[in-house]
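Asks: TSV, N, CA and C atoms, saved as target-v7.tsv, coming up:
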chain	number	residue	atom	x	y	z
A	538	MET	N	103.23	37.53	90.11
A	538	MET	CA	104.19	37.86	89.07
A	538	MET	C	104.21	39.37	88.95
A	539	SER	N	105.41	39.90	88.99
A	539	SER	CA	105.54	41.36	88.89
A	539	SER	C	105.28	41.81	87.46
A	540	ASN	N	105.09	43.09	87.31
A	540	ASN	CA	104.82	43.69	86.00
A	540	ASN	C	105.98	43.46	85.03
A	541	SER	N	107.22	43.61	85.47
A	541	SER	CA	108.38	43.42	84.59
A	541	SER	C	108.55	41.96	84.22
A	542	GLU	N	108.23	41.03	85.17
A	542	GLU	CA	108.31	39.61	84.86
A	542	GLU	C	107.25	39.23	83.83
A	543	TYR	N	106.08	39.82	83.95
A	543	TYR	CA	105.00	39.56	82.99
A	543	TYR	C	105.40	40.01	81.58
A	544	ARG	N	105.97	41.23	81.50
A	544	ARG	CA	106.39	41.75	80.20
A	544	ARG	C	107.48	40.86	79.59
A	545	LEU	N	108.43	40.41	80.37
A	545	LEU	CA	109.50	39.55	79.89
A	545	LEU	C	108.94	38.22	79.41
A	546	SER	N	108.01	37.67	80.17
A	546	SER	CA	107.38	36.41	79.81
A	546	SER	C	106.59	36.56	78.51
A	547	SER	N	105.84	37.64	78.38
A	547	SER	CA	105.06	37.90	77.17
A	547	SER	C	105.97	38.11	75.96
A	548	TYR	N	107.03	38.87	76.19
A	548	TYR	CA	108.00	39.15	75.12
A	548	TYR	C	108.64	37.85	74.63
A	549	SER	N	109.06	37.02	75.56
A	549	SER	CA	109.70	35.74	75.23
A	549	SER	C	108.72	34.84	74.48
A	550	SER	N	107.49	34.77	74.93
A	550	SER	CA	106.47	33.96	74.29
A	550	SER	C	106.19	34.46	72.87
A	551	PHE	N	106.15	35.77	72.73
A	551	PHE	CA	105.91	36.38	71.42
A	551	PHE	C	106.98	35.93	70.42
A	552	TRP	N	108.27	35.99	70.81
A	552	TRP	CA	109.35	35.64	69.89
A	552	TRP	C	109.40	34.15	69.60
A	553	ARG	N	109.05	33.32	70.57
A	553	ARG	CA	108.98	31.88	70.30
A	553	ARG	C	107.91	31.60	69.26
A	554	THR	N	106.77	32.24	69.41
A	554	THR	CA	105.67	32.06	68.46
A	554	THR	C	106.08	32.58	67.07
A	555	MET	N	106.71	33.75	67.05
A	555	MET	CA	107.14	34.34	65.78
A	555	MET	C	108.19	33.48	65.09
A	556	SER	N	109.19	33.00	65.85
A	556	SER	CA	110.25	32.20	65.23
A	556	SER	C	109.68	30.86	64.77
A	557	SER	N	108.75	30.30	65.49
A	557	SER	CA	108.10	29.07	65.08
A	557	SER	C	107.31	29.27	63.79
A	558	SER	N	106.59	30.38	63.72
A	558	SER	CA	105.83	30.70	62.50
A	558	SER	C	106.76	30.95	61.33
A	559	LEU	N	107.84	31.66	61.56
A	559	LEU	CA	108.79	31.97	60.51
A	559	LEU	C	109.42	30.69	59.98
A	560	ILE	N	109.78	29.79	60.86
A	560	ILE	CA	110.35	28.51	60.43
A	560	ILE	C	109.36	27.74	59.58
A	561	ARG	N	108.09	27.72	59.99
A	561	ARG	CA	107.06	27.03	59.20
A	561	ARG	C	106.91	27.64	57.82
A	562	ILE	N	106.94	28.96	57.74
A	562	ILE	CA	106.82	29.65	56.46
A	562	ILE	C	108.02	29.33	55.57
A	563	LEU	N	109.22	29.39	56.14
A	563	LEU	CA	110.42	29.10	55.36
A	563	LEU	C	110.44	27.65	54.86
A	564	LEU	N	110.01	26.73	55.70
A	564	LEU	CA	109.94	25.33	55.28
A	564	LEU	C	108.91	25.14	54.17
A	565	ALA	N	107.78	25.82	54.28
A	565	ALA	CA	106.76	25.73	53.23
A	565	ALA	C	107.29	26.29	51.91
A	566	LEU	N	108.01	27.40	51.97
A	566	LEU	CA	108.59	27.98	50.75
A	566	LEU	C	109.64	27.06	50.14
A	567	LEU	N	110.45	26.44	50.97
A	567	LEU	CA	111.46	25.51	50.48
A	567	LEU	C	110.79	24.31	49.82
A	568	LEU	N	109.78	23.77	50.44
A	568	LEU	CA	109.06	22.64	49.88
A	568	LEU	C	108.42	23.02	48.54
A	569	LEU	N	107.80	24.18	48.48
A	569	LEU	CA	107.19	24.65	47.24
A	569	LEU	C	108.23	24.79	46.13
A	570	THR	N	109.38	25.33	46.45
A	570	THR	CA	110.45	25.48	45.47
A	570	THR	C	110.89	24.12	44.95
A	571	LEU	N	111.05	23.15	45.84
A	571	LEU	CA	111.45	21.81	45.42
A	571	LEU	C	110.40	21.15	44.55
A	572	ILE	N	109.14	21.32	44.90
A	572	ILE	CA	108.05	20.75	44.12
A	572	ILE	C	108.03	21.35	42.73
A	573	LEU	N	108.13	22.67	42.63
A	573	LEU	CA	108.11	23.32	41.33
A	573	LEU	C	109.32	22.92	40.49
A	574	GLN	N	110.48	22.80	41.11
A	574	GLN	CA	111.68	22.42	40.38
A	574	GLN	C	111.55	20.99	39.88
A	575	ARG	N	110.99	20.12	40.64
A	575	ARG	CA	110.91	18.71	40.29
A	575	ARG	C	109.69	18.37	39.42
A	576	SER	N	108.83	19.33	39.13
A	576	SER	CA	107.62	19.02	38.37
A	576	SER	C	107.94	18.47	36.99
A	577	ASP	N	109.02	18.92	36.36
A	577	ASP	CA	109.46	18.39	35.08
A	577	ASP	C	110.73	17.57	35.24
A	578	GLY	N	111.15	17.30	36.40
A	578	GLY	CA	112.39	16.62	36.64
A	578	GLY	C	113.45	17.60	37.07
A	579	GLN	N	113.68	18.61	36.27
A	579	GLN	CA	114.64	19.67	36.56
A	579	GLN	C	114.28	20.87	35.69
A	580	PHE	N	114.98	21.97	35.95
A	580	PHE	CA	114.79	23.11	35.06
A	580	PHE	C	115.38	22.73	33.71
A	581	GLU	N	114.75	23.16	32.64
A	581	GLU	CA	115.24	22.82	31.31
A	581	GLU	C	116.26	23.84	30.85
A	582	GLU	N	117.31	23.34	30.22
A	582	GLU	CA	118.32	24.21	29.65
A	582	GLU	C	118.93	23.56	28.42
A	583	TRP	N	119.30	24.41	27.48
A	583	TRP	CA	119.90	23.97	26.23
A	583	TRP	C	121.21	24.72	26.04
A	584	CYS	N	122.08	24.15	25.25
A	584	CYS	CA	123.38	24.75	24.94
A	584	CYS	C	123.34	25.20	23.48
A	585	ILE	N	123.59	26.48	23.26
A	585	ILE	CA	123.53	27.02	21.90
A	585	ILE	C	124.78	27.86	21.60
A	586	ALA	N	124.99	28.13	20.32
A	586	ALA	CA	126.11	28.98	19.90
A	586	ALA	C	125.87	30.41	20.39
A	587	ASP	N	126.94	31.02	20.87
A	587	ASP	CA	126.87	32.42	21.29
A	587	ASP	C	126.86	33.29	20.04
A	588	GLU	N	125.91	34.20	19.97
A	588	GLU	CA	125.76	35.03	18.78
A	588	GLU	C	126.95	35.94	18.50
A	589	GLN	N	127.77	36.18	19.51
A	589	GLN	CA	128.93	37.07	19.33
A	589	GLN	C	130.18	36.33	18.86
A	590	THR	N	130.11	35.02	18.76
A	590	THR	CA	131.28	34.24	18.35
A	590	THR	C	131.42	34.27	16.83
A	591	PRO	N	132.62	34.59	16.33
A	591	PRO	CA	132.84	34.61	14.88
A	591	PRO	C	132.66	33.21	14.26
A	592	ASP	N	132.24	33.18	13.00
A	592	ASP	CA	131.97	31.92	12.31
A	592	ASP	C	133.17	30.97	12.30
A	593	ASP	N	134.39	31.50	12.15
A	593	ASP	CA	135.55	30.60	12.11
A	593	ASP	C	135.74	29.88	13.45
A	594	GLU	N	135.46	30.56	14.56
A	594	GLU	CA	135.54	29.91	15.88
A	594	GLU	C	134.42	28.90	16.05
A	595	LEU	N	133.23	29.26	15.57
A	595	LEU	CA	132.10	28.32	15.65
A	595	LEU	C	132.40	27.06	14.84
A	596	MET	N	133.02	27.24	13.68
A	596	MET	CA	133.33	26.11	12.81
A	596	MET	C	134.31	25.16	13.48
A	597	LYS	N	135.32	25.70	14.16
A	597	LYS	CA	136.27	24.86	14.89
A	597	LYS	C	135.55	24.06	15.98
A	598	ALA	N	134.71	24.73	16.72
A	598	ALA	CA	133.98	24.06	17.80
A	598	ALA	C	132.97	23.05	17.26
A	599	LEU	N	132.32	23.38	16.16
A	599	LEU	CA	131.37	22.47	15.52
A	599	LEU	C	132.10	21.21	15.05
A	600	ASN	N	133.25	21.38	14.41
A	600	ASN	CA	134.02	20.22	13.95
A	600	ASN	C	134.45	19.34	15.12
A	601	TRP	N	134.84	19.97	16.24
A	601	TRP	CA	135.23	19.18	17.40
A	601	TRP	C	134.02	18.42	17.97
A	602	ALA	N	132.89	19.13	18.12
A	602	ALA	CA	131.69	18.50	18.70
A	602	ALA	C	131.26	17.29	17.87
A	603	CYS	N	131.24	17.44	16.56
A	603	CYS	CA	130.79	16.36	15.68
A	603	CYS	C	131.84	15.28	15.49
A	604	GLY	N	133.09	15.59	15.80
A	604	GLY	CA	134.18	14.63	15.67
A	604	GLY	C	134.55	14.02	17.00
A	605	LYS	N	135.64	14.50	17.57
A	605	LYS	CA	136.15	13.96	18.84
A	605	LYS	C	135.15	14.09	19.98
A	606	GLY	N	134.29	15.10	19.93
A	606	GLY	CA	133.32	15.32	21.00
A	606	GLY	C	132.25	14.25	21.10
A	607	GLY	N	131.95	13.61	19.99
A	607	GLY	CA	130.97	12.52	20.01
A	607	GLY	C	129.52	12.93	19.88
A	608	ALA	N	129.25	14.18	19.48
A	608	ALA	CA	127.85	14.60	19.26
A	608	ALA	C	127.29	13.88	18.05
A	609	ASP	N	126.00	13.62	18.07
A	609	ASP	CA	125.32	13.03	16.91
A	609	ASP	C	124.89	14.17	16.00
A	610	CYS	N	125.60	14.35	14.92
A	610	CYS	CA	125.34	15.47	14.00
A	610	CYS	C	124.59	15.03	12.75
A	611	SER	N	124.00	13.85	12.79
A	611	SER	CA	123.30	13.34	11.61
A	611	SER	C	122.10	14.20	11.22
A	612	LYS	N	121.46	14.87	12.19
A	612	LYS	CA	120.26	15.66	11.88
A	612	LYS	C	120.57	17.02	11.26
A	613	ILE	N	121.85	17.40	11.19
A	613	ILE	CA	122.19	18.67	10.54
A	613	ILE	C	122.79	18.44	9.14
A	614	GLN	N	122.66	17.20	8.64
A	614	GLN	CA	123.11	16.89	7.28
A	614	GLN	C	121.99	17.25	6.29
A	615	ALA	N	122.35	17.42	5.03
A	615	ALA	CA	121.38	17.79	3.99
A	615	ALA	C	120.18	16.84	4.01
A	616	ASN	N	119.00	17.42	3.81
A	616	ASN	CA	117.73	16.70	3.78
A	616	ASN	C	117.33	16.07	5.11
A	617	LYS	N	117.91	16.51	6.20
A	617	LYS	CA	117.56	16.02	7.54
A	617	LYS	C	116.82	17.13	8.28
A	618	PRO	N	116.12	16.82	9.37
A	618	PRO	CA	115.23	17.79	10.04
A	618	PRO	C	115.88	19.10	10.50
A	619	CYS	N	117.18	19.09	10.81
A	619	CYS	CA	117.82	20.29	11.36
A	619	CYS	C	118.85	20.91	10.40
A	620	TYR	N	118.79	20.53	9.14
A	620	TYR	CA	119.72	21.10	8.16
A	620	TYR	C	119.42	22.58	7.92
A	621	LEU	N	118.15	22.93	7.86
A	621	LEU	CA	117.76	24.33	7.64
A	621	LEU	C	117.40	24.99	8.97
A	622	PRO	N	117.77	26.21	9.18
A	622	PRO	CA	118.56	27.05	8.28
A	622	PRO	C	120.01	26.54	8.20
A	623	ASN	N	120.54	26.59	7.00
A	623	ASN	CA	121.88	26.08	6.72
A	623	ASN	C	122.92	27.14	7.04
A	624	THR	N	123.13	27.38	8.33
A	624	THR	CA	124.15	28.34	8.76
A	624	THR	C	125.07	27.66	9.76
A	625	ILE	N	126.28	28.15	9.83
A	625	ILE	CA	127.24	27.61	10.79
A	625	ILE	C	126.69	27.76	12.21
A	626	ARG	N	126.10	28.90	12.50
A	626	ARG	CA	125.58	29.18	13.84
A	626	ARG	C	124.47	28.19	14.22
A	627	ASP	N	123.54	27.94	13.31
A	627	ASP	CA	122.44	27.00	13.61
A	627	ASP	C	122.96	25.57	13.74
A	628	HIS	N	123.85	25.17	12.86
A	628	HIS	CA	124.40	23.82	12.95
A	628	HIS	C	125.24	23.67	14.21
A	629	ALA	N	126.00	24.70	14.57
A	629	ALA	CA	126.80	24.64	15.79
A	629	ALA	C	125.89	24.54	17.02
A	630	SER	N	124.82	25.30	17.03
A	630	SER	CA	123.88	25.24	18.15
A	630	SER	C	123.34	23.83	18.33
A	631	TYR	N	122.94	23.20	17.23
A	631	TYR	CA	122.40	21.85	17.33
A	631	TYR	C	123.47	20.88	17.86
A	632	ALA	N	124.67	20.96	17.29
A	632	ALA	CA	125.75	20.05	17.70
A	632	ALA	C	126.16	20.30	19.16
A	633	PHE	N	126.28	21.56	19.54
A	633	PHE	CA	126.65	21.88	20.93
A	633	PHE	C	125.62	21.30	21.89
A	634	ASN	N	124.35	21.50	21.57
A	634	ASN	CA	123.30	21.01	22.46
A	634	ASN	C	123.30	19.49	22.52
A	635	ASN	N	123.47	18.84	21.38
A	635	ASN	CA	123.48	17.39	21.37
A	635	ASN	C	124.60	16.86	22.25
A	636	TYR	N	125.78	17.42	22.10
A	636	TYR	CA	126.92	17.03	22.93
A	636	TYR	C	126.61	17.27	24.41
A	637	TYR	N	126.14	18.47	24.72
A	637	TYR	CA	125.88	18.85	26.10
A	637	TYR	C	124.84	17.93	26.75
A	638	GLN	N	123.74	17.69	26.08
A	638	GLN	CA	122.69	16.84	26.64
A	638	GLN	C	123.18	15.41	26.82
A	639	LYS	N	123.99	14.96	25.88
A	639	LYS	CA	124.50	13.59	25.91
A	639	LYS	C	125.49	13.35	27.06
A	640	PHE	N	126.30	14.36	27.36
A	640	PHE	CA	127.40	14.15	28.30
A	640	PHE	C	127.36	15.02	29.57
A	641	LYS	N	126.35	15.85	29.75
A	641	LYS	CA	126.35	16.75	30.92
A	641	LYS	C	126.30	16.00	32.25
A	642	ASN	N	125.67	14.84	32.26
A	642	ASN	CA	125.57	14.09	33.51
A	642	ASN	C	126.88	13.44	33.92
A	643	ILE	N	127.87	13.49	33.03
A	643	ILE	CA	129.19	12.96	33.41
A	643	ILE	C	130.24	14.07	33.37
A	644	GLY	N	129.77	15.32	33.48
A	644	GLY	CA	130.68	16.43	33.65
A	644	GLY	C	130.91	17.34	32.46
A	645	ALA	N	130.27	17.08	31.33
A	645	ALA	CA	130.45	17.94	30.15
A	645	ALA	C	129.89	19.33	30.43
A	646	THR	N	130.48	20.33	29.80
A	646	THR	CA	130.02	21.70	29.96
A	646	THR	C	129.57	22.26	28.62
A	647	CYS	N	128.94	23.40	28.68
A	647	CYS	CA	128.52	24.13	27.48
A	647	CYS	C	129.49	25.31	27.33
A	648	TYR	N	130.71	25.00	26.96
A	648	TYR	CA	131.72	26.05	26.87
A	648	TYR	C	132.23	26.21	25.43
A	649	PHE	N	132.79	25.16	24.89
A	649	PHE	CA	133.30	25.16	23.52
A	649	PHE	C	134.21	26.36	23.24
A	650	ASN	N	135.19	26.52	24.13
A	650	ASN	CA	136.16	27.61	24.00
A	650	ASN	C	135.47	28.97	23.91
A	651	ALA	N	134.47	29.16	24.74
A	651	ALA	CA	133.68	30.41	24.83
A	651	ALA	C	132.79	30.66	23.62
A	652	ALA	N	132.51	29.62	22.84
A	652	ALA	CA	131.67	29.78	21.65
A	652	ALA	C	130.20	29.48	21.93
A	653	ALA	N	129.89	28.99	23.13
A	653	ALA	CA	128.53	28.55	23.43
A	653	ALA	C	128.03	29.16	24.72
A	654	MET	N	126.73	29.04	24.93
A	654	MET	CA	126.09	29.55	26.14
A	654	MET	C	124.85	28.74	26.45
A	655	ILE	N	124.43	28.78	27.71
A	655	ILE	CA	123.22	28.09	28.17
A	655	ILE	C	122.02	29.03	27.98
A	656	THR	N	120.90	28.43	27.57
A	656	THR	CA	119.64	29.16	27.49
A	656	THR	C	118.54	28.33	28.11
A	657	ASP	N	117.52	29.00	28.65
A	657	ASP	CA	116.36	28.26	29.16
A	657	ASP	C	115.20	28.34	28.17
A	658	LEU	N	115.46	28.91	26.99
A	658	LEU	CA	114.45	28.98	25.93
A	658	LEU	C	114.72	27.87	24.92
A	659	ASP	N	113.74	27.03	24.70
A	659	ASP	CA	113.89	25.91	23.79
A	659	ASP	C	114.20	26.42	22.37
A	660	PRO	N	115.37	26.08	21.81
A	660	PRO	CA	115.73	26.56	20.48
A	660	PRO	C	115.12	25.74	19.34
A	661	SER	N	114.31	24.74	19.65
A	661	SER	CA	113.69	23.93	18.60
A	661	SER	C	112.89	24.81	17.65
A	662	HIS	N	112.83	24.39	16.40
A	662	HIS	CA	112.07	25.14	15.40
A	662	HIS	C	111.58	24.19	14.33
A	663	LYS	N	110.36	24.41	13.87
A	663	LYS	CA	109.71	23.57	12.85
A	663	LYS	C	109.97	22.10	13.13
A	664	SER	N	110.59	21.40	12.18
A	664	SER	CA	110.80	19.95	12.37
A	664	SER	C	112.06	19.64	13.17
A	665	CYS	N	112.82	20.65	13.53
A	665	CYS	CA	114.08	20.45	14.26
A	665	CYS	C	113.84	20.55	15.76
A	666	LYS	N	113.89	19.42	16.41
A	666	LYS	CA	113.67	19.36	17.86
A	666	LYS	C	115.00	19.17	18.58
A	667	TYR	N	115.31	20.12	19.44
A	667	TYR	CA	116.53	20.03	20.24
A	667	TYR	C	116.24	19.16	21.45
A	668	GLU	N	117.11	18.23	21.69
A	668	GLU	CA	116.93	17.30	22.81
A	668	GLU	C	117.13	18.02	24.14
A	669	HIS	N	116.47	17.48	25.14
A	669	HIS	CA	116.69	17.92	26.52
A	669	HIS	C	116.63	16.69	27.40
A	670	HIS	N	117.68	16.48	28.18
A	670	HIS	CA	117.72	15.36	29.13
A	670	HIS	C	117.91	15.93	30.53
A	671	PRO	N	117.08	15.48	31.47
A	671	PRO	CA	117.23	15.96	32.85
A	671	PRO	C	118.57	15.54	33.44
Can you present the structure in this file as structure tokens?
Replies:
Amino acid sequence: MSNSEYRLSSYSSFWRTMSSSLIRILLALLLLTLILQRSDGQFEEWCIADEQTPDDELMKALNWACGKGGADCSKIQANKPCYLPNTIRDHASYAFNNYYQKFKNIGATCYFNAAAMITDLDPSHKSCKYEHHP
């Protein structure tokens, strides 16, 4: 084997080994990502009122969510676990999330005419637990 043939053979072998190793590393990273994502079923997310939305817009969206939207708004009624704090923003957040969790698997979004947004921080507080469904 000539010197140039040896170098070509070594070079080719080197890249086969490197590409094989790289593929193994990428597959391991992909598997790890899938395992971490599936550890709780899915990444958790909640739908809450956008802090920049005016109260009158939040009120319209809240009324829709609790009415035609089909959200269960019983927990934001007086003397219920999510009544306090008694603000339009807090009640809208609860209703938006309830609607979103209830219907997201059939295509519902967290939009509410730009009055809502997705968060990965659990908005639950004290006795008020915001639902999360994978």
Asks: Using all atoms listed in the file, which protein or nucleic acid residues come within 6.5 Å of region 591-606 of chain A? Drop anything in the same chain fewer than 2 positions from it, and give the result as an mmCIF file with N, CA and C atoms, in the frame of the given file.
Replies:
data_model
loop_
_atom_site.group_PDB
_atom_site.id
_atom_site.type_symbol
_atom_site.label_atom_id
_atom_site.label_comp_id
_atom_site.auth_asym_id
_atom_site.auth_seq_id
_atom_site.Cartn_x
_atom_site.Cartn_y
_atom_site.Cartn_z
ATOM 1 N N GLU A 588 125.910 34.200 19.970
ATOM 2 C CA GLU A 588 125.760 35.030 18.780
ATOM 3 C C GLU A 588 126.950 35.940 18.500
ATOM 4 N N GLN A 589 127.770 36.180 19.510
ATOM 5 C CA GLN A 589 128.930 37.070 19.330
ATOM 6 C C GLN A 589 130.180 36.330 18.860
ATOM 7 N N ALA A 608 129.250 14.180 19.480
ATOM 8 C CA ALA A 608 127.850 14.600 19.260
ATOM 9 C C ALA A 608 127.290 13.880 18.050
ATOM 10 N N ASP A 609 126.000 13.620 18.070
ATOM 11 C CA ASP A 609 125.320 13.030 16.910
ATOM 12 C C ASP A 609 124.890 14.170 16.000
ATOM 13 N N CYS A 610 125.600 14.350 14.920
ATOM 14 C CA CYS A 610 125.340 15.470 14.000
ATOM 15 C C CYS A 610 124.590 15.030 12.750
ATOM 16 N N ILE A 625 126.280 28.150 9.830
ATOM 17 C CA ILE A 625 127.240 27.610 10.790
ATOM 18 C C ILE A 625 126.690 27.760 12.210
ATOM 19 N N HIS A 628 123.850 25.170 12.860
ATOM 20 C CA HIS A 628 124.400 23.820 12.950
ATOM 21 C C HIS A 628 125.240 23.670 14.210
ATOM 22 N N ALA A 629 126.000 24.700 14.570
ATOM 23 C CA ALA A 629 126.800 24.640 15.790
ATOM 24 C C ALA A 629 125.890 24.540 17.020
ATOM 25 N N ALA A 632 124.670 20.960 17.290
ATOM 26 C CA ALA A 632 125.750 20.050 17.700
ATOM 27 C C ALA A 632 126.160 20.300 19.160
ATOM 28 N N PHE A 633 126.280 21.560 19.540
ATOM 29 C CA PHE A 633 126.650 21.880 20.930
ATOM 30 C C PHE A 633 125.620 21.300 21.890
ATOM 31 N N TYR A 636 125.780 17.420 22.100
ATOM 32 C CA TYR A 636 126.920 17.030 22.930
ATOM 33 C C TYR A 636 126.610 17.270 24.410
ATOM 34 N N PHE A 649 132.790 25.160 24.890
ATOM 35 C CA PHE A 649 133.300 25.160 23.520
ATOM 36 C C PHE A 649 134.210 26.360 23.240
ATOM 37 N N ALA A 652 132.510 29.620 22.840
ATOM 38 C CA ALA A 652 131.670 29.780 21.650
ATOM 39 C C ALA A 652 130.200 29.480 21.930
#
Asks: Which value, in Å to one decimal, gives the distance between atom C of Arg626 (chain A) and atom N of Gln614 (chain A)?
Replies: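 Going from atom C of Arg626 (chain A) over to atom N of Gln614 (chain A), I get 12.5 Å.
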Asks: Could you check how far atom C of Lys639 (chain A) sits from atom N of His670 (chain A), in Å to one decimal?
Replies: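 Computing it gives 8.5 Å between the two atoms.
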Asks: Counting all atoms listed in the file, which residue out of A:Tyr648, A:Tyr637, A:Tyr631, A:Phe580 sits closest to Lys666 (chain A)?
Replies: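 Closest residue, counting all atoms listed in the file: A:Tyr631.
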Asks: Between CA of Glu581 (chain A) and CA of Asn623 (chain A), measure the distance and give it in Å to one decimal.
Replies: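 Interatomic distance here is 25.7 Å.
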Asks: Please write out, as AutoDock Vina command-line options, where the centre of an axis-aligned box around all listed atoms of region 620-625 of chain A lies and how long its edges are, in Å to one decimal, after adding 5 Å on each side.
Replies:
--center_x 122.3 --center_y 24.4 --center_z 9.5 --size_x 19.8 --size_y 17.8 --size_z 15.5
Asks: Got a sec: who's within 8 Å of Glu668 (chain A), counting only C-alpha atoms, leaving out chain neighbours fewer than 4 positions off, as an mmCIF file with N, CA and C atoms, in the coordinates of the input?
Replies:
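After the write, out12.cif holds the following:
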data_model
loop_
_atom_site.group_PDB
_atom_site.id
_atom_site.type_symbol
_atom_site.label_atom_id
_atom_site.label_comp_id
_atom_site.auth_asym_id
_atom_site.auth_seq_id
_atom_site.Cartn_x
_atom_site.Cartn_y
_atom_site.Cartn_z
ATOM 1 N N ASN A 634 124.350 21.500 21.570
ATOM 2 C CA ASN A 634 123.300 21.010 22.460
ATOM 3 C C ASN A 634 123.300 19.490 22.520
ATOM 4 N N ASN A 635 123.470 18.840 21.380
ATOM 5 C CA ASN A 635 123.480 17.390 21.370
ATOM 6 C C ASN A 635 124.600 16.860 22.250
ATOM 7 N N GLN A 638 123.740 17.690 26.080
ATOM 8 C CA GLN A 638 122.690 16.840 26.640
ATOM 9 C C GLN A 638 123.180 15.410 26.820
#
Asks: Taking into account all atoms listed in the file, which residue in the set A:Pro618, A:Pro660, A:Gly607, A:Gly644 is nearest to Trp583 (chain A)?
Replies: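 Looking at the shortest contact to Trp583 (chain A), the residue is A:Pro660.
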Asks: Restricting the calculation to only C-alpha atoms, which member of A:Asn650, A:Thr624, A:Asn642, A:Thr656 is positioned closest to Cys584 (chain A)?
Replies: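 Comparing A:Asn650, A:Thr624, A:Asn642, A:Thr656 against Cys584 (chain A), the winner is A:Thr656.
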Asks: Could you get me a file of region 582-596 of chain A with N, CA and C atoms, as a PDB file, in the first residue's frame, taken from the block above?
Replies:
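See selection_30.pdb below for the written result:
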ATOM      1  N   GLU A 582     -48.045  23.501  31.416  1.00  0.00           N
ATOM      2  CA  GLU A 582     -48.326  24.872  31.037  1.00  0.00           C
ATOM      3  C   GLU A 582     -49.738  25.236  31.461  1.00  0.00           C
ATOM      4  N   TRP A 583     -49.895  26.505  31.799  1.00  0.00           N
ATOM      5  CA  TRP A 583     -51.171  27.037  32.237  1.00  0.00           C
ATOM      6  C   TRP A 583     -51.499  28.254  31.385  1.00  0.00           C
ATOM      7  N   CYS A 584     -52.769  28.577  31.314  1.00  0.00           N
ATOM      8  CA  CYS A 584     -53.247  29.732  30.556  1.00  0.00           C
ATOM      9  C   CYS A 584     -53.717  30.781  31.567  1.00  0.00           C
ATOM     10  N   ILE A 585     -53.144  31.967  31.494  1.00  0.00           N
ATOM     11  CA  ILE A 585     -53.491  33.030  32.439  1.00  0.00           C
ATOM     12  C   ILE A 585     -53.785  34.337  31.703  1.00  0.00           C
ATOM     13  N   ALA A 586     -54.405  35.267  32.418  1.00  0.00           N
ATOM     14  CA  ALA A 586     -54.686  36.586  31.855  1.00  0.00           C
ATOM     15  C   ALA A 586     -53.377  37.338  31.632  1.00  0.00           C
ATOM     16  N   ASP A 587     -53.294  38.014  30.501  1.00  0.00           N
ATOM     17  CA  ASP A 587     -52.130  38.844  30.200  1.00  0.00           C
ATOM     18  C   ASP A 587     -52.230  40.121  31.032  1.00  0.00           C
ATOM     19  N   GLU A 588     -51.165  40.448  31.733  1.00  0.00           N
ATOM     20  CA  GLU A 588     -51.182  41.605  32.628  1.00  0.00           C
ATOM     21  C   GLU A 588     -51.385  42.932  31.912  1.00  0.00           C
ATOM     22  N   GLN A 589     -51.139  42.967  30.612  1.00  0.00           N
ATOM     23  CA  GLN A 589     -51.285  44.218  29.857  1.00  0.00           C
ATOM     24  C   GLN A 589     -52.692  44.414  29.303  1.00  0.00           C
ATOM     25  N   THR A 590     -53.560  43.434  29.474  1.00  0.00           N
ATOM     26  CA  THR A 590     -54.918  43.540  28.942  1.00  0.00           C
ATOM     27  C   THR A 590     -55.790  44.374  29.877  1.00  0.00           C
ATOM     28  N   PRO A 591     -56.496  45.362  29.337  1.00  0.00           N
ATOM     29  CA  PRO A 591     -57.389  46.188  30.168  1.00  0.00           C
ATOM     30  C   PRO A 591     -58.520  45.353  30.787  1.00  0.00           C
ATOM     31  N   ASP A 592     -58.987  45.775  31.949  1.00  0.00           N
ATOM     32  CA  ASP A 592     -60.030  45.038  32.673  1.00  0.00           C
ATOM     33  C   ASP A 592     -61.300  44.829  31.854  1.00  0.00           C
ATOM     34  N   ASP A 593     -61.702  45.816  31.039  1.00  0.00           N
ATOM     35  CA  ASP A 593     -62.935  45.645  30.267  1.00  0.00           C
ATOM     36  C   ASP A 593     -62.789  44.519  29.239  1.00  0.00           C
ATOM     37  N   GLU A 594     -61.602  44.367  28.655  1.00  0.00           N
ATOM     38  CA  GLU A 594     -61.357  43.261  27.717  1.00  0.00           C
ATOM     39  C   GLU A 594     -61.307  41.926  28.458  1.00  0.00           C
ATOM     40  N   LEU A 595     -60.685  41.936  29.637  1.00  0.00           N
ATOM     41  CA  LEU A 595     -60.642  40.712  30.445  1.00  0.00           C
ATOM     42  C   LEU A 595     -62.055  40.282  30.833  1.00  0.00           C
ATOM     43  N   MET A 596     -62.890  41.247  31.170  1.00  0.00           N
ATOM     44  CA  MET A 596     -64.256  40.942  31.588  1.00  0.00           C
ATOM     45  C   MET A 596     -65.047  40.299  30.454  1.00  0.00           C
TER      46      MET A 596
END
